[in-house]
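S.K.: Next comes the structure file entry-v2.cif, holding mmCIF, N, CA and C atoms.
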```cif
data_protein
loop_
_atom_site.label_atom_id
_atom_site.label_comp_id
_atom_site.auth_asym_id
_atom_site.auth_seq_id
_atom_site.Cartn_x
_atom_site.Cartn_y
_atom_site.Cartn_z
N MET H 1 -29.41 160.84 2.90
CA MET H 1 -30.74 160.33 2.69
C MET H 1 -31.03 160.29 1.20
N TYR H 2 -31.80 159.32 0.80
CA TYR H 2 -32.08 159.10 -0.62
C TYR H 2 -33.34 159.80 -1.11
N GLY H 3 -34.29 159.99 -0.28
CA GLY H 3 -35.55 160.59 -0.72
C GLY H 3 -36.37 160.97 0.49
N VAL H 4 -37.65 160.98 0.29
CA VAL H 4 -38.53 161.34 1.41
C VAL H 4 -38.90 160.10 2.21
N TYR H 5 -39.19 160.33 3.46
CA TYR H 5 -39.67 159.25 4.32
C TYR H 5 -41.14 159.01 4.05
N VAL H 6 -41.55 157.77 4.14
CA VAL H 6 -42.93 157.35 3.98
C VAL H 6 -43.24 156.31 5.05
N TYR H 7 -44.50 155.93 5.18
CA TYR H 7 -44.83 154.82 6.05
C TYR H 7 -45.62 153.79 5.25
N ILE H 8 -45.43 152.54 5.64
CA ILE H 8 -46.12 151.44 4.98
C ILE H 8 -46.78 150.56 6.04
N LYS H 9 -47.84 149.90 5.66
CA LYS H 9 -48.47 148.93 6.56
C LYS H 9 -47.69 147.63 6.40
N SER H 10 -46.81 147.36 7.37
CA SER H 10 -45.90 146.23 7.26
C SER H 10 -46.48 144.93 7.83
N GLU H 11 -47.45 145.06 8.71
CA GLU H 11 -48.17 143.92 9.29
C GLU H 11 -49.59 144.40 9.57
N PRO H 12 -50.51 143.47 9.90
CA PRO H 12 -51.91 143.89 10.11
C PRO H 12 -52.08 145.07 11.08
N GLN H 13 -51.30 145.11 12.15
CA GLN H 13 -51.42 146.20 13.13
C GLN H 13 -50.11 146.93 13.33
N LEU H 14 -49.30 147.07 12.26
CA LEU H 14 -47.99 147.72 12.40
C LEU H 14 -47.70 148.59 11.18
N TRP H 15 -47.31 149.82 11.45
CA TRP H 15 -46.94 150.79 10.42
C TRP H 15 -45.46 151.08 10.57
N THR H 16 -44.71 150.92 9.49
CA THR H 16 -43.27 151.12 9.53
C THR H 16 -42.88 152.35 8.74
N VAL H 17 -42.04 153.19 9.33
CA VAL H 17 -41.54 154.42 8.71
C VAL H 17 -40.18 154.12 8.12
N GLY H 18 -39.93 154.65 6.95
CA GLY H 18 -38.63 154.47 6.31
C GLY H 18 -38.59 155.15 4.96
N PHE H 19 -37.64 154.72 4.13
CA PHE H 19 -37.52 155.28 2.79
C PHE H 19 -36.97 154.22 1.86
N TYR H 20 -37.13 154.47 0.57
CA TYR H 20 -36.61 153.58 -0.45
C TYR H 20 -35.33 154.16 -1.03
N THR H 21 -34.32 153.30 -1.22
CA THR H 21 -33.08 153.73 -1.88
C THR H 21 -33.36 153.80 -3.38
N PRO H 22 -32.47 154.44 -4.15
CA PRO H 22 -32.69 154.53 -5.60
C PRO H 22 -32.86 153.16 -6.29
N ASP H 23 -32.26 152.11 -5.72
CA ASP H 23 -32.40 150.79 -6.33
C ASP H 23 -33.61 150.02 -5.80
N GLY H 24 -34.46 150.70 -5.01
CA GLY H 24 -35.71 150.11 -4.54
C GLY H 24 -35.64 149.37 -3.22
N LYS H 25 -34.51 149.41 -2.54
CA LYS H 25 -34.37 148.74 -1.25
C LYS H 25 -35.08 149.56 -0.17
N TRP H 26 -35.88 148.88 0.65
CA TRP H 26 -36.58 149.52 1.76
C TRP H 26 -35.64 149.63 2.95
N VAL H 27 -35.55 150.83 3.55
CA VAL H 27 -34.74 151.06 4.74
C VAL H 27 -35.69 151.57 5.83
N SER H 28 -35.92 150.75 6.85
CA SER H 28 -36.86 151.14 7.91
C SER H 28 -36.16 152.02 8.95
N GLU H 29 -36.93 152.91 9.55
CA GLU H 29 -36.43 153.83 10.56
C GLU H 29 -37.07 153.57 11.91
N SER H 30 -38.38 153.27 11.92
CA SER H 30 -39.11 153.01 13.16
C SER H 30 -40.45 152.37 12.81
N SER H 31 -41.12 151.82 13.82
CA SER H 31 -42.43 151.18 13.62
C SER H 31 -43.41 151.62 14.69
N TYR H 32 -44.69 151.64 14.33
CA TYR H 32 -45.74 152.11 15.23
C TYR H 32 -46.98 151.24 15.08
N GLU H 33 -47.71 151.07 16.17
CA GLU H 33 -48.97 150.34 16.13
C GLU H 33 -50.11 151.23 15.64
N CYS H 34 -49.89 152.53 15.67
CA CYS H 34 -50.92 153.50 15.28
C CYS H 34 -50.49 154.23 14.01
N ARG H 35 -51.36 154.23 13.03
CA ARG H 35 -51.06 154.89 11.74
C ARG H 35 -50.79 156.38 11.93
N ASP H 36 -51.54 157.03 12.81
CA ASP H 36 -51.34 158.47 13.03
C ASP H 36 -49.96 158.76 13.59
N ASP H 37 -49.46 157.89 14.47
CA ASP H 37 -48.11 158.08 15.02
C ASP H 37 -47.06 157.97 13.92
N ALA H 38 -47.24 157.00 13.03
CA ALA H 38 -46.32 156.85 11.90
C ALA H 38 -46.37 158.09 11.00
N ALA H 39 -47.57 158.60 10.76
CA ALA H 39 -47.72 159.78 9.92
C ALA H 39 -47.04 160.99 10.54
N GLU H 40 -47.16 161.16 11.85
CA GLU H 40 -46.49 162.28 12.53
C GLU H 40 -44.98 162.17 12.42
N ARG H 41 -44.46 160.95 12.57
CA ARG H 41 -43.02 160.74 12.46
C ARG H 41 -42.53 161.09 11.06
N VAL H 42 -43.26 160.65 10.05
CA VAL H 42 -42.91 160.96 8.66
C VAL H 42 -42.92 162.47 8.44
N HIS H 43 -43.94 163.11 8.96
CA HIS H 43 -44.07 164.57 8.84
C HIS H 43 -42.81 165.25 9.39
N TRP H 44 -42.39 164.83 10.58
CA TRP H 44 -41.22 165.43 11.21
C TRP H 44 -39.93 165.09 10.46
N LEU H 45 -39.76 163.82 10.09
CA LEU H 45 -38.54 163.41 9.38
C LEU H 45 -38.37 164.13 8.05
N ASN H 46 -39.47 164.47 7.42
CA ASN H 46 -39.41 165.17 6.14
C ASN H 46 -39.28 166.68 6.31
N GLY H 47 -39.02 167.13 7.54
CA GLY H 47 -38.75 168.54 7.79
C GLY H 47 -39.97 169.43 7.83
N GLU H 48 -41.12 168.84 8.05
CA GLU H 48 -42.35 169.63 8.02
C GLU H 48 -42.85 170.01 9.41
N GLY H 49 -41.99 169.92 10.38
CA GLY H 49 -42.37 170.31 11.73
C GLY H 49 -41.37 169.76 12.71
N LYS H 50 -41.18 170.48 13.80
CA LYS H 50 -40.27 170.05 14.85
C LYS H 50 -41.04 169.21 15.86
N PRO H 51 -40.36 168.31 16.59
CA PRO H 51 -41.07 167.55 17.62
C PRO H 51 -41.82 168.45 18.60
N SER H 52 -41.25 169.60 18.92
CA SER H 52 -41.93 170.50 19.85
C SER H 52 -43.25 171.00 19.27
N ASP H 53 -43.33 171.15 17.94
CA ASP H 53 -44.59 171.56 17.32
C ASP H 53 -45.66 170.50 17.54
N ILE H 54 -45.26 169.24 17.39
CA ILE H 54 -46.20 168.14 17.61
C ILE H 54 -46.66 168.12 19.06
N MET H 55 -45.72 168.32 19.99
CA MET H 55 -46.07 168.33 21.41
C MET H 55 -47.01 169.49 21.72
N LYS H 56 -46.76 170.65 21.15
CA LYS H 56 -47.63 171.80 21.40
C LYS H 56 -49.04 171.51 20.89
N ASP H 57 -49.14 170.90 19.71
CA ASP H 57 -50.45 170.53 19.17
C ASP H 57 -51.14 169.52 20.08
N PHE H 58 -50.36 168.57 20.60
CA PHE H 58 -50.89 167.55 21.50
C PHE H 58 -51.50 168.22 22.74
N PHE H 59 -50.78 169.16 23.34
CA PHE H 59 -51.28 169.82 24.54
C PHE H 59 -52.48 170.71 24.22
N LEU H 60 -52.50 171.30 23.05
CA LEU H 60 -53.65 172.09 22.65
C LEU H 60 -54.88 171.19 22.52
N ASP H 61 -54.70 170.02 21.92
CA ASP H 61 -55.81 169.07 21.81
C ASP H 61 -56.29 168.62 23.18
N LEU H 62 -55.34 168.33 24.09
CA LEU H 62 -55.72 167.94 25.45
C LEU H 62 -56.50 169.05 26.14
N SER H 63 -56.05 170.28 25.97
CA SER H 63 -56.73 171.41 26.60
C SER H 63 -58.16 171.54 26.09
N ARG H 64 -58.35 171.29 24.81
CA ARG H 64 -59.71 171.35 24.23
C ARG H 64 -60.60 170.25 24.81
N MET H 65 -60.00 169.10 25.14
CA MET H 65 -60.79 167.98 25.66
C MET H 65 -61.06 168.11 27.15
N SER H 66 -60.30 168.92 27.84
CA SER H 66 -60.47 169.07 29.28
C SER H 66 -61.89 169.53 29.60
N GLY H 67 -62.49 168.86 30.57
CA GLY H 67 -63.84 169.24 30.99
C GLY H 67 -64.94 168.68 30.11
N THR H 68 -64.61 167.77 29.21
CA THR H 68 -65.62 167.20 28.33
C THR H 68 -66.11 165.84 28.83
N GLY H 69 -65.70 165.46 30.05
CA GLY H 69 -66.14 164.20 30.62
C GLY H 69 -65.30 163.01 30.19
N ASN H 70 -64.14 163.28 29.62
CA ASN H 70 -63.28 162.20 29.14
C ASN H 70 -62.24 161.77 30.17
N GLY H 71 -62.26 162.35 31.34
CA GLY H 71 -61.32 161.97 32.39
C GLY H 71 -60.02 162.76 32.38
N ILE H 72 -59.85 163.68 31.45
CA ILE H 72 -58.64 164.50 31.40
C ILE H 72 -58.96 165.85 32.00
N GLY H 73 -58.32 166.16 33.10
CA GLY H 73 -58.56 167.42 33.76
C GLY H 73 -57.38 168.37 33.62
N ALA H 74 -57.58 169.58 34.05
CA ALA H 74 -56.55 170.62 33.94
C ALA H 74 -55.29 170.25 34.71
N SER H 75 -55.43 169.59 35.85
CA SER H 75 -54.26 169.23 36.64
C SER H 75 -53.42 168.16 35.93
N THR H 76 -54.07 167.25 35.25
CA THR H 76 -53.35 166.22 34.48
C THR H 76 -52.59 166.88 33.33
N ILE H 77 -53.22 167.80 32.66
CA ILE H 77 -52.57 168.50 31.55
C ILE H 77 -51.37 169.29 32.07
N ALA H 78 -51.53 169.94 33.22
CA ALA H 78 -50.41 170.71 33.80
C ALA H 78 -49.23 169.79 34.14
N LYS H 79 -49.51 168.61 34.67
CA LYS H 79 -48.44 167.66 34.99
C LYS H 79 -47.74 167.18 33.72
N LEU H 80 -48.50 166.91 32.67
CA LEU H 80 -47.90 166.49 31.41
C LEU H 80 -47.02 167.59 30.81
N LYS H 81 -47.50 168.83 30.88
CA LYS H 81 -46.70 169.95 30.37
C LYS H 81 -45.41 170.11 31.15
N ALA H 82 -45.48 169.99 32.47
CA ALA H 82 -44.30 170.12 33.32
C ALA H 82 -43.28 169.03 32.96
N PHE H 83 -43.77 167.82 32.77
CA PHE H 83 -42.89 166.71 32.38
C PHE H 83 -42.23 167.01 31.03
N ALA H 84 -43.01 167.46 30.07
CA ALA H 84 -42.47 167.75 28.73
C ALA H 84 -41.42 168.86 28.77
N LYS H 85 -41.66 169.88 29.58
CA LYS H 85 -40.67 170.96 29.71
C LYS H 85 -39.40 170.46 30.40
N GLU H 86 -39.58 169.68 31.46
CA GLU H 86 -38.42 169.19 32.21
C GLU H 86 -37.49 168.33 31.35
N TYR H 87 -38.08 167.55 30.45
CA TYR H 87 -37.27 166.64 29.64
C TYR H 87 -37.00 167.16 28.23
N GLY H 88 -37.27 168.45 27.99
CA GLY H 88 -36.88 169.09 26.74
C GLY H 88 -37.81 168.89 25.56
N TYR H 89 -39.03 168.42 25.80
CA TYR H 89 -39.97 168.25 24.69
C TYR H 89 -40.61 169.57 24.28
N LEU H 90 -40.64 170.50 25.21
CA LEU H 90 -41.21 171.83 24.92
C LEU H 90 -40.20 172.90 25.25
#
```
Would you mind writing the structure in this file as structure tokens?
M.R.:
Amino acid sequence: MYGVYVYIKSEPQLWTVGFYTPDGKWVSESSYECRDDAAERVHWLNGEGKPSDIMKDFFLDLSRMSGTGNGIGASTIAKLKAFAKEYGYL
């Protein structure tokens, strides 16, 4: 790797993650429609957190929202957690 990963707004509704080579060439790694998703990917690629940390934060946020009238209930959160554990995300 040449440097740190960054994200750029590559199209009106698209954020692309990648890095620049020493000669200024852009090398893309992935693209996202949501800026926050691109930022999380950059955070992880730069060694500032494991994917499981992001998943744990996600479930913590869901747990905080449970019962707030947003349609996310405890049973839905439990199903998501079970899925994440089964497929190695947690």
S.K.: From the set H:Lys56, H:Arg35, H:Arg41, H:Lys85, which residue has the shortest atom-to-atom contact distance to Tyr5 (chain H), counting only N, CA and C atoms?
M.R.: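 Between H:Lys56, H:Arg35, H:Arg41, H:Lys85, the residue approaching Tyr5 (chain H) most closely is H:Arg41.
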S.K.: Please determine, counting all atoms listed in the file, which residue among H:Ala78, H:Tyr32, H:Gly73, H:Leu45 has the shortest atom-to-atom distance to Val4 (chain H).
M.R.: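 Using all atoms listed in the file, the shortest distance to Val4 (chain H) belongs to H:Leu45.
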S.K.: Can you tell me how far atom C of Ser75 (chain H) sits from atom N of Glu33 (chain H), in Å to one decimal?
M.R.: 26.7 Å
S.K.: Record the distance separating CA of Tyr7 (chain H) and CA of Ser31 (chain H), expressed in Å with one decimal.
M.R.: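 Taking CA of Tyr7 (chain H) and CA of Ser31 (chain H), their separation equals 8.7 Å.
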S.K.: So which one's closest to Phe19 (chain H), H:Leu60, H:Val6, H:Phe83, H:Asn46? Using all atoms listed in the file, please.
M.R.: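 Among the listed residues, H:Val6 lies closest to Phe19 (chain H).
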S.K.: I need the residue nearest Asp36 (chain H) from this list: H:Val17, H:Ala74, H:Lys79, H:Glu11. Use only C-alpha atoms for the distance.
M.R.: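 Ranking H:Val17, H:Ala74, H:Lys79, H:Glu11 by distance to Asp36 (chain H), first place goes to H:Val17.
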S.K.: Report, in Å to a single decimal, how far apart CA of Phe59 (chain H) and CA of Glu29 (chain H) are.
M.R.: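 A separation of 25.9 Å between them.
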